[in-house]
$ cat work-v2.cif   # mmCIF, C-alpha atoms and all ligand atoms
data_model
loop_
_atom_site.group_PDB
_atom_site.id
_atom_site.type_symbol
_atom_site.label_atom_id
_atom_site.label_comp_id
_atom_site.auth_asym_id
_atom_site.auth_seq_id
_atom_site.Cartn_x
_atom_site.Cartn_y
_atom_site.Cartn_z
ATOM 1 C CA MET P 1 -5.606 -9.771 3.918
ATOM 2 C CA LYS P 2 -7.500 -7.875 1.243
ATOM 3 C CA LEU P 3 -6.218 -4.549 -0.032
ATOM 4 C CA TYR P 4 -8.856 -2.302 -1.601
ATOM 5 C CA GLU P 5 -6.842 -0.122 -3.903
ATOM 6 C CA TYR P 6 -6.453 1.641 -7.208
ATOM 7 C CA TRP P 7 -3.341 0.933 -9.259
ATOM 8 C CA ARG P 8 -2.520 4.600 -9.815
ATOM 9 C CA SER P 9 -3.352 5.829 -6.296
ATOM 10 C CA SER P 10 -0.238 6.980 -4.449
ATOM 11 C CA ALA P 11 -1.754 6.187 -1.049
ATOM 12 C CA SER P 12 -2.394 2.599 -2.264
ATOM 13 C CA PHE P 13 1.169 2.454 -3.618
ATOM 14 C CA ARG P 14 2.472 3.277 -0.103
ATOM 15 C CA VAL P 15 0.640 0.279 1.347
ATOM 16 C CA ARG P 16 1.776 -2.074 -1.432
ATOM 17 C CA ILE P 17 5.384 -1.092 -0.661
ATOM 18 C CA GLY P 18 4.806 -1.770 3.054
ATOM 19 C CA LEU P 19 3.186 -5.145 2.416
ATOM 20 C CA ASN P 20 6.112 -6.117 0.166
ATOM 21 C CA LEU P 21 8.710 -4.945 2.680
ATOM 22 C CA LYS P 22 7.017 -7.017 5.364
ATOM 23 C CA GLN P 23 6.656 -9.927 2.908
ATOM 24 C CA GLN P 24 2.927 -10.195 3.471
ATOM 25 C CA SER P 25 0.759 -11.778 0.800
ATOM 26 C CA TYR P 26 -2.601 -10.181 0.114
ATOM 27 C CA GLU P 27 -5.486 -10.177 -2.301
ATOM 28 C CA SER P 28 -5.878 -6.974 -4.306
ATOM 29 C CA VAL P 29 -9.447 -5.667 -4.715
ATOM 30 C CA PRO P 30 -9.430 -2.981 -7.407
ATOM 31 C CA ILE P 31 -11.558 0.126 -6.873
ATOM 32 C CA ASP P 32 -11.537 2.080 -10.131
ATOM 33 C CA LEU P 33 -11.280 5.806 -9.387
ATOM 34 C CA ARG P 34 -11.842 6.633 -13.077
ATOM 35 C CA LEU P 35 -15.293 5.043 -12.742
ATOM 36 C CA ASN P 36 -15.877 6.780 -9.384
ATOM 37 C CA GLU P 37 -16.185 3.355 -7.711
ATOM 38 C CA GLN P 38 -14.835 4.868 -4.482
ATOM 39 C CA SER P 39 -18.199 6.631 -4.064
ATOM 40 C CA GLY P 40 -20.319 3.504 -4.640
ATOM 41 C CA GLU P 41 -20.604 0.262 -2.668
ATOM 42 C CA PHE P 42 -17.036 0.751 -1.531
ATOM 43 C CA THR P 43 -18.303 3.289 1.033
ATOM 44 C CA ASP P 44 -19.486 0.237 3.011
ATOM 45 C CA ILE P 45 -15.772 -0.523 3.376
ATOM 46 C CA ASN P 46 -14.547 3.069 3.832
ATOM 47 C CA ILE P 47 -17.242 5.670 4.412
ATOM 48 C CA ALA P 48 -14.739 8.383 3.442
ATOM 49 C CA GLY P 49 -14.734 7.056 -0.139
ATOM 50 C CA LEU P 50 -10.942 6.953 -0.352
ATOM 51 C CA VAL P 51 -8.524 4.124 -1.134
ATOM 52 C CA PRO P 52 -6.705 2.276 0.272
ATOM 53 C CA ALA P 53 -8.436 0.148 2.879
ATOM 54 C CA LEU P 54 -7.151 -3.099 4.323
ATOM 55 C CA ARG P 55 -9.343 -5.956 5.493
ATOM 56 C CA VAL P 56 -7.858 -8.372 8.022
ATOM 57 C CA GLY P 57 -10.426 -11.047 8.845
ATOM 58 C CA ASP P 58 -13.584 -9.120 9.780
ATOM 59 C CA ASP P 59 -11.718 -5.912 10.557
ATOM 60 C CA ILE P 60 -11.212 -3.029 8.164
ATOM 61 C CA MET P 61 -8.634 -0.286 8.394
ATOM 62 C CA SER P 62 -8.466 2.925 6.386
ATOM 63 C CA GLN P 63 -5.751 5.607 6.062
ATOM 64 C CA SER P 64 -2.521 4.376 4.491
ATOM 65 C CA VAL P 65 -0.323 5.584 7.356
ATOM 66 C CA ALA P 66 -2.499 3.828 9.959
ATOM 67 C CA ILE P 67 -2.384 0.648 7.859
ATOM 68 C CA LEU P 68 1.399 0.839 7.533
ATOM 69 C CA ASN P 69 1.772 1.471 11.262
ATOM 70 C CA TYR P 70 -0.439 -1.559 11.924
ATOM 71 C CA LEU P 71 1.797 -3.677 9.679
ATOM 72 C CA ASP P 72 4.867 -2.351 11.442
ATOM 73 C CA ARG P 73 3.479 -3.315 14.859
ATOM 74 C CA THR P 74 2.355 -6.774 13.799
ATOM 75 C CA VAL P 75 5.346 -7.625 11.579
ATOM 76 C CA PRO P 76 8.273 -5.822 13.206
ATOM 77 C CA GLU P 77 10.943 -6.747 10.633
ATOM 78 C CA PRO P 78 12.175 -4.782 8.821
ATOM 79 C CA PRO P 79 11.214 -1.805 11.012
ATOM 80 C CA LEU P 80 9.683 1.215 9.291
ATOM 81 C CA TYR P 81 10.782 3.610 12.046
ATOM 82 C CA PRO P 82 13.977 4.071 14.070
ATOM 83 C CA ALA P 83 13.845 2.809 17.674
ATOM 84 C CA ASP P 84 15.146 6.037 19.192
ATOM 85 C CA PRO P 85 12.176 8.294 20.170
ATOM 86 C CA ILE P 86 13.670 11.498 18.766
ATOM 87 C CA GLU P 87 14.654 9.826 15.512
ATOM 88 C CA ARG P 88 11.230 8.234 15.277
ATOM 89 C CA ALA P 89 9.588 11.634 15.689
ATOM 90 C CA GLN P 90 11.790 13.006 12.903
ATOM 91 C CA VAL P 91 10.705 10.229 10.538
ATOM 92 C CA GLU P 92 7.068 10.732 11.584
ATOM 93 C CA ALA P 93 7.432 14.414 10.724
ATOM 94 C CA LEU P 94 8.588 13.493 7.195
ATOM 95 C CA VAL P 95 5.607 11.154 6.908
ATOM 96 C CA LEU P 96 3.220 13.923 7.976
ATOM 97 C CA ASP P 97 4.899 16.484 5.686
ATOM 98 C CA ILE P 98 3.742 14.302 2.809
ATOM 99 C CA ALA P 99 0.521 12.798 4.184
ATOM 100 C CA CYS P 100 -0.929 16.029 5.606
ATOM 101 C CA ASP P 101 0.726 18.952 3.851
ATOM 102 C CA ILE P 102 1.306 17.776 0.265
ATOM 103 C CA HIS P 103 -0.885 14.856 -0.784
ATOM 104 C CA PRO P 104 -4.365 16.143 0.256
ATOM 105 C CA LEU P 105 -4.004 19.378 -1.709
ATOM 106 C CA ASN P 106 -3.463 17.422 -4.899
ATOM 107 C CA ASN P 107 -5.971 14.647 -4.443
ATOM 108 C CA LEU P 108 -8.361 13.708 -7.250
ATOM 109 C CA ARG P 109 -11.452 15.110 -5.549
ATOM 110 C CA VAL P 110 -9.710 18.406 -4.765
ATOM 111 C CA LEU P 111 -8.580 18.826 -8.376
ATOM 112 C CA GLY P 112 -12.064 17.784 -9.521
ATOM 113 C CA TYR P 113 -13.666 20.422 -7.297
ATOM 114 C CA LEU P 114 -11.451 23.120 -8.792
ATOM 115 C CA LYS P 115 -12.730 22.105 -12.213
ATOM 116 C CA THR P 116 -16.422 21.715 -11.442
ATOM 117 C CA GLU P 117 -17.009 24.473 -8.859
ATOM 118 C CA PHE P 118 -14.476 27.085 -9.964
ATOM 119 C CA ALA P 119 -14.378 26.327 -13.697
ATOM 120 C CA ALA P 120 -10.601 25.916 -13.550
ATOM 121 C CA ASP P 121 -9.173 24.838 -16.913
ATOM 122 C CA PRO P 122 -6.542 22.056 -17.085
ATOM 123 C CA GLU P 123 -3.693 24.600 -17.127
ATOM 124 C CA THR P 124 -4.975 26.282 -13.954
ATOM 125 C CA VAL P 125 -5.440 22.938 -12.235
ATOM 126 C CA ASN P 126 -1.864 22.064 -13.187
ATOM 127 C CA ARG P 127 -0.618 25.357 -11.721
ATOM 128 C CA TRP P 128 -2.404 24.571 -8.464
ATOM 129 C CA TYR P 129 -0.860 21.097 -8.381
ATOM 130 C CA HIS P 130 2.655 22.373 -9.137
ATOM 131 C CA HIS P 131 2.372 25.259 -6.678
ATOM 132 C CA TRP P 132 1.653 23.054 -3.652
ATOM 133 C CA LEU P 133 4.141 20.440 -4.723
ATOM 134 C CA GLU P 134 6.875 23.056 -5.067
ATOM 135 C CA ILE P 135 6.271 24.372 -1.551
ATOM 136 C CA GLY P 136 6.267 20.845 -0.154
ATOM 137 C CA PHE P 137 9.274 19.554 -2.093
ATOM 138 C CA ASP P 138 11.366 22.693 -1.353
ATOM 139 C CA SER P 139 11.315 21.834 2.339
ATOM 140 C CA LEU P 140 11.647 18.068 1.777
ATOM 141 C CA GLU P 141 14.794 18.575 -0.327
ATOM 142 C CA HIS P 142 16.341 20.572 2.534
ATOM 143 C CA ARG P 143 15.302 17.968 5.061
ATOM 144 C CA ALA P 144 16.726 15.155 2.917
ATOM 145 C CA MET P 145 20.109 16.926 2.827
ATOM 146 C CA ALA P 146 19.956 17.705 6.561
ATOM 147 C CA PHE P 147 19.351 14.006 7.211
ATOM 148 C CA LYS P 148 22.717 13.191 5.637
ATOM 149 C CA GLY P 149 21.919 13.048 1.959
ATOM 150 C CA GLY P 150 22.481 9.325 1.426
ATOM 151 C CA ASP P 151 20.633 6.761 -0.674
ATOM 152 C CA TRP P 152 17.620 6.792 1.662
ATOM 153 C CA PHE P 153 15.692 9.734 3.031
ATOM 154 C CA TYR P 154 16.551 9.436 6.721
ATOM 155 C CA HIS P 155 20.170 8.763 7.729
ATOM 156 C CA ASP P 156 20.700 6.358 4.885
ATOM 157 C CA THR P 157 18.368 3.710 6.323
ATOM 158 C CA LEU P 158 15.169 2.607 4.610
ATOM 159 C CA SER P 159 12.197 3.946 6.594
ATOM 160 C CA MET P 160 8.587 5.089 6.365
ATOM 161 C CA ALA P 161 9.939 8.348 4.940
ATOM 162 C CA ASP P 162 10.919 6.472 1.757
ATOM 163 C CA VAL P 163 7.626 4.576 1.645
ATOM 164 C CA MET P 164 5.898 7.972 1.568
ATOM 165 C CA LEU P 165 8.319 9.832 -0.694
ATOM 166 C CA VAL P 166 8.522 7.423 -3.625
ATOM 167 C CA PRO P 167 4.776 7.494 -4.531
ATOM 168 C CA GLN P 168 4.737 11.281 -4.175
ATOM 169 C CA VAL P 169 7.685 11.692 -6.569
ATOM 170 C CA LEU P 170 6.134 9.266 -9.056
ATOM 171 C CA ASN P 171 2.943 11.329 -8.917
ATOM 172 C CA ALA P 172 4.934 14.522 -9.511
ATOM 173 C CA LEU P 173 6.622 12.995 -12.572
ATOM 174 C CA ARG P 174 3.235 11.908 -13.903
ATOM 175 C CA TYR P 175 2.040 15.512 -13.673
ATOM 176 C CA GLU P 176 5.196 16.715 -15.489
ATOM 177 C CA PHE P 177 6.507 18.556 -12.461
ATOM 178 C CA ASP P 178 10.123 19.697 -12.945
ATOM 179 C CA MET P 179 12.242 17.713 -10.470
ATOM 180 C CA THR P 180 15.529 19.446 -11.435
ATOM 181 C CA PRO P 181 15.588 21.578 -8.236
ATOM 182 C CA TYR P 182 15.279 18.414 -6.129
ATOM 183 C CA PRO P 183 18.360 16.282 -6.927
ATOM 184 C CA GLN P 184 18.432 14.537 -3.559
ATOM 185 C CA LEU P 185 14.740 13.595 -3.690
ATOM 186 C CA MET P 186 15.292 12.271 -7.232
ATOM 187 C CA HIS P 187 18.356 10.335 -6.127
ATOM 188 C CA ILE P 188 16.405 8.664 -3.309
ATOM 189 C CA TYR P 189 13.538 7.892 -5.704
ATOM 190 C CA GLU P 190 15.773 6.432 -8.405
ATOM 191 C CA GLN P 191 17.650 4.129 -6.107
ATOM 192 C CA ALA P 192 14.525 3.143 -4.114
ATOM 193 C CA ILE P 193 12.692 1.910 -7.188
ATOM 194 C CA THR P 194 15.491 -0.599 -7.802
ATOM 195 C CA HIS P 195 14.656 -2.227 -4.431
ATOM 196 C CA PRO P 196 12.341 -5.229 -5.084
ATOM 197 C CA ALA P 197 9.718 -4.140 -2.504
ATOM 198 C CA PHE P 198 9.344 -0.800 -4.277
ATOM 199 C CA ALA P 199 9.781 -2.137 -7.817
ATOM 200 C CA ASP P 200 7.109 -4.824 -7.375
ATOM 201 C CA ALA P 201 4.696 -2.265 -5.904
ATOM 202 C CA MET P 202 5.024 0.184 -8.814
ATOM 203 C CA PRO P 203 1.668 1.007 -10.413
ATOM 204 C CA ARG P 204 2.555 -0.765 -13.668
ATOM 205 C CA ASN P 205 2.953 -4.034 -11.732
ATOM 206 C CA ALA P 206 -0.151 -3.667 -9.550
HETATM 207 N N1 LIG O 301 -5.035 10.173 3.768
HETATM 208 C C1 LIG O 301 -5.558 9.102 2.960
HETATM 209 C C2 LIG O 301 -5.667 9.588 1.548
HETATM 210 C C3 LIG O 301 -6.355 8.587 0.675
HETATM 211 C C4 LIG O 301 -6.624 9.198 -0.691
HETATM 212 O O1 LIG O 301 -6.661 10.398 -0.847
HETATM 213 N N2 LIG O 301 -6.783 8.310 -1.700
HETATM 214 C C5 LIG O 301 -7.038 8.795 -3.022
HETATM 215 C C6 LIG O 301 -6.181 8.077 -4.022
HETATM 216 S S1 LIG O 301 -4.478 8.378 -3.747
HETATM 217 C C7 LIG O 301 -8.482 8.572 -3.370
HETATM 218 O O2 LIG O 301 -9.072 7.573 -3.008
HETATM 219 N N3 LIG O 301 -9.081 9.529 -4.081
HETATM 220 C C8 LIG O 301 -10.430 9.416 -4.479
HETATM 221 C C9 LIG O 301 -11.059 10.749 -4.664
HETATM 222 O O3 LIG O 301 -10.364 11.753 -4.556
HETATM 223 O O4 LIG O 301 -12.266 10.756 -4.947
HETATM 224 C C10 LIG O 301 -4.621 7.891 3.051
HETATM 225 O O5 LIG O 301 -3.422 8.087 3.254
HETATM 226 O O6 LIG O 301 -5.082 6.748 2.920
#
$ encode --input "work-v2.cif" --output "structure tokens"
Amino acid sequence: MKLYEYWRSSASFRVRIGLNLKQQSYESVPIDLRLNEQSGEFTDINIAGLVPALRVGDDIMSQSVAILNYLDRTVPEPPLYPADPIERAQVEALVLDIACDIHPLNNLRVLGYLKTEFAADPETVNRWYHHWLEIGFDSLEHRAMAFKGGDWFYHDTLSMADVMLVPQVLNALRYEFDMTPYPQLMHIYEQAITHPAFADAMPRNA
């Protein structure tokens, strides 16, 4: 397998965690977002110009959640979702909270567009970033407590919810977002990054 990725990309980080959890070896193909490589030849791999993408033989998959779901179907252990349909839907909702309602608003190209098309200065861009993160994390903190408030996001069992949360929290810390109002999210993050699958996937080790 070949993973097209950028070391600092949170969507790539999700897939690295999944590959580690499933103990799958892969070749990393770096796509440097600072050099805008995602808009060059890489569009032959993913026409959307976004990392990550995973090549398996002649087949290419995009979208981190689709890739992780593929891994979960092909390598069932350890499972990324609960077996019970209701519980699975609850974990999927946490995944979508992050993948659909938080991450896209703060993506590189969105922040770049604010700068180039609306002349937003760095402080304004930061306000935008923090605003959407605050709305997203406010509800995630409540959900984390409702789902028992243990060491992992959902009922104290490692799941896709953690695979999604950890890169999003790391990204928030990088953008100097105040995590004080989110003690449970921070607790999950801090204990998760001691797990080898998460620790080895951290951007510094990519
Ligand atoms: N929904 C996509 C999001 C992918 C995405 O936004 N990737 C970012 C890095 S985290 C990217 O490639 N950004 C390039 C850009 O914004 O130009 C997924 O989960 O794979």
$ resolve_selection --input "work-v2.cif" --expression "the PyMOL selection byres (((chain P and resi 22-24) around 7) and not hetatm)" --output "list in words"
Gly18, Leu19, Asn20, Leu21, Ser25, Tyr26, Val75, Glu77 and Pro78 of chain P
$ resolve_selection --input "work-v2.cif" --expression "the PyMOL selection byres (((not hetatm)) within 7 of (chain O and resi 301))" --output "PyMOL selection string"
chain P and resi 9-12+33+36+38+49-52+62-65+99+104+107-110
$ atom_distance --input "work-v2.cif" --atom1 "atom CA of P:Met202" --atom2 "atom CA of P:Phe13"
6.9 Å
$ closest_residue --input "work-v2.cif" --among "P:Tyr129, P:Val29, P:Met164, P:Glu134" --to "P:Thr180" --atoms "all atoms listed in the file"
P:Glu134
$ residues_around --input "work-v2.cif" --residues "stretch 150-155 of chain P" --least-positions-apart "5" --cutoff "12 Å" --atoms "all atoms listed in the file" --output "ChimeraX atom specification"
/P:80-82,87-95,140-145,160-166,183-195
$ residues_near_point --input "work-v2.cif" --point "(1.2, 23.5, -13.1)" --cutoff "12 Å" --atoms "all atoms listed in the file" --output "CSV table (one decimal) with C-alpha atoms, in the coordinates of the input"
chain,number,residue,atom,x,y,z
P,106,ASN,CA,-3.5,17.4,-4.9
P,111,LEU,CA,-8.6,18.8,-8.4
P,121,ASP,CA,-9.2,24.8,-16.9
P,122,PRO,CA,-6.5,22.1,-17.1
P,123,GLU,CA,-3.7,24.6,-17.1
P,124,THR,CA,-5.0,26.3,-14.0
P,125,VAL,CA,-5.4,22.9,-12.2
P,126,ASN,CA,-1.9,22.1,-13.2
P,127,ARG,CA,-0.6,25.4,-11.7
P,128,TRP,CA,-2.4,24.6,-8.5
P,129,TYR,CA,-0.9,21.1,-8.4
P,130,HIS,CA,2.7,22.4,-9.1
P,131,HIS,CA,2.4,25.3,-6.7
P,132,TRP,CA,1.7,23.1,-3.7
P,133,LEU,CA,4.1,20.4,-4.7
P,134,GLU,CA,6.9,23.1,-5.1
P,172,ALA,CA,4.9,14.5,-9.5
P,173,LEU,CA,6.6,13.0,-12.6
P,174,ARG,CA,3.2,11.9,-13.9
P,175,TYR,CA,2.0,15.5,-13.7
P,176,GLU,CA,5.2,16.7,-15.5
P,177,PHE,CA,6.5,18.6,-12.5
P,178,ASP,CA,10.1,19.7,-12.9
$ residues_near_point --input "work-v2.cif" --point "(-9.6, -5.8, 0.2)" --cutoff "7 Å" --atoms "only C-alpha atoms" --output "list in words"
Met1, Lys2, Leu3, Tyr4, Glu27, Ser28, Val29, Ala53, Leu54 and Arg55 of chain P
$ closest_residue --input "work-v2.cif" --among "P:Glu5, P:Gly112, P:Asp58, P:Ala197" --to "P:Phe42" --atoms "all atoms listed in the file"
P:Glu5
$ atom_distance --input "work-v2.cif" --atom1 "atom CA of P:Phe147" --atom2 "atom CA of P:Pro79"
18.2 Å
$ atom_distance --input "work-v2.cif" --atom1 "atom CA of P:Val15" --atom2 "atom CA of P:Pro203"
11.8 Å
$ axis_aligned_box --input "work-v2.cif" --around "stretch 108-111 of chain P" --padding-each-side "8 Å" --output "JSON"
{"center_x": -9.9, "center_y": 16.3, "center_z": -6.6, "size_x": 19.1, "size_y": 21.1, "size_z": 19.6}
$ build_atoms --input "work-v2.cif" --residues "stretch 144-162 of chain P" --atoms "N, CA and C atoms" --output "PDB file, in the coordinates of the input"
ATOM      1  N   ALA P 144      15.983  16.332   3.386  1.00  0.00           N
ATOM      2  CA  ALA P 144      16.726  15.155   2.917  1.00  0.00           C
ATOM      3  C   ALA P 144      18.231  15.408   3.030  1.00  0.00           C
ATOM      4  N   MET P 145      18.682  16.614   2.706  1.00  0.00           N
ATOM      5  CA  MET P 145      20.109  16.926   2.827  1.00  0.00           C
ATOM      6  C   MET P 145      20.509  16.995   4.292  1.00  0.00           C
ATOM      7  N   ALA P 146      19.636  17.590   5.126  1.00  0.00           N
ATOM      8  CA  ALA P 146      19.956  17.705   6.561  1.00  0.00           C
ATOM      9  C   ALA P 146      20.066  16.315   7.195  1.00  0.00           C
ATOM     10  N   PHE P 147      19.286  15.361   6.669  1.00  0.00           N
ATOM     11  CA  PHE P 147      19.351  14.006   7.211  1.00  0.00           C
ATOM     12  C   PHE P 147      20.382  13.175   6.456  1.00  0.00           C
ATOM     13  N   LYS P 148      21.470  13.829   6.110  1.00  0.00           N
ATOM     14  CA  LYS P 148      22.717  13.191   5.637  1.00  0.00           C
ATOM     15  C   LYS P 148      22.832  12.935   4.139  1.00  0.00           C
ATOM     16  N   GLY P 149      21.772  13.115   3.411  1.00  0.00           N
ATOM     17  CA  GLY P 149      21.919  13.048   1.959  1.00  0.00           C
ATOM     18  C   GLY P 149      22.462  11.751   1.407  1.00  0.00           C
ATOM     19  N   GLY P 150      22.023  10.624   1.930  1.00  0.00           N
ATOM     20  CA  GLY P 150      22.481   9.325   1.426  1.00  0.00           C
ATOM     21  C   GLY P 150      21.518   8.751   0.402  1.00  0.00           C
ATOM     22  N   ASP P 151      21.504   7.419   0.306  1.00  0.00           N
ATOM     23  CA  ASP P 151      20.633   6.761  -0.674  1.00  0.00           C
ATOM     24  C   ASP P 151      19.182   6.711  -0.207  1.00  0.00           C
ATOM     25  N   TRP P 152      18.979   6.787   1.121  1.00  0.00           N
ATOM     26  CA  TRP P 152      17.620   6.792   1.662  1.00  0.00           C
ATOM     27  C   TRP P 152      17.367   8.127   2.329  1.00  0.00           C
ATOM     28  N   PHE P 153      16.106   8.409   2.579  1.00  0.00           N
ATOM     29  CA  PHE P 153      15.692   9.734   3.031  1.00  0.00           C
ATOM     30  C   PHE P 153      16.279  10.069   4.406  1.00  0.00           C
ATOM     31  N   TYR P 154      16.176   9.142   5.335  1.00  0.00           N
ATOM     32  CA  TYR P 154      16.551   9.436   6.721  1.00  0.00           C
ATOM     33  C   TYR P 154      17.806   8.654   7.109  1.00  0.00           C
ATOM     34  N   HIS P 155      18.908   9.360   7.262  1.00  0.00           N
ATOM     35  CA  HIS P 155      20.170   8.763   7.729  1.00  0.00           C
ATOM     36  C   HIS P 155      20.534   7.475   7.005  1.00  0.00           C
ATOM     37  N   ASP P 156      20.265   7.461   5.727  1.00  0.00           N
ATOM     38  CA  ASP P 156      20.700   6.358   4.885  1.00  0.00           C
ATOM     39  C   ASP P 156      20.167   4.976   5.307  1.00  0.00           C
ATOM     40  N   THR P 157      19.018   4.980   5.971  1.00  0.00           N
ATOM     41  CA  THR P 157      18.368   3.710   6.323  1.00  0.00           C
ATOM     42  C   THR P 157      16.942   3.742   5.787  1.00  0.00           C
ATOM     43  N   LEU P 158      16.540   2.672   5.134  1.00  0.00           N
ATOM     44  CA  LEU P 158      15.169   2.607   4.610  1.00  0.00           C
ATOM     45  C   LEU P 158      14.170   2.808   5.761  1.00  0.00           C
ATOM     46  N   SER P 159      13.192   3.682   5.544  1.00  0.00           N
ATOM     47  CA  SER P 159      12.197   3.946   6.594  1.00  0.00           C
ATOM     48  C   SER P 159      10.862   4.334   5.959  1.00  0.00           C
ATOM     49  N   MET P 160       9.903   4.618   6.819  1.00  0.00           N
ATOM     50  CA  MET P 160       8.587   5.089   6.365  1.00  0.00           C
ATOM     51  C   MET P 160       8.716   6.335   5.496  1.00  0.00           C
ATOM     52  N   ALA P 161       9.757   7.126   5.737  1.00  0.00           N
ATOM     53  CA  ALA P 161       9.939   8.348   4.940  1.00  0.00           C
ATOM     54  C   ALA P 161      10.082   7.996   3.453  1.00  0.00           C
ATOM     55  N   ASP P 162      10.760   6.897   3.155  1.00  0.00           N
ATOM     56  CA  ASP P 162      10.919   6.472   1.757  1.00  0.00           C
ATOM     57  C   ASP P 162       9.625   5.892   1.201  1.00  0.00           C
TER      58      ASP P 162
END
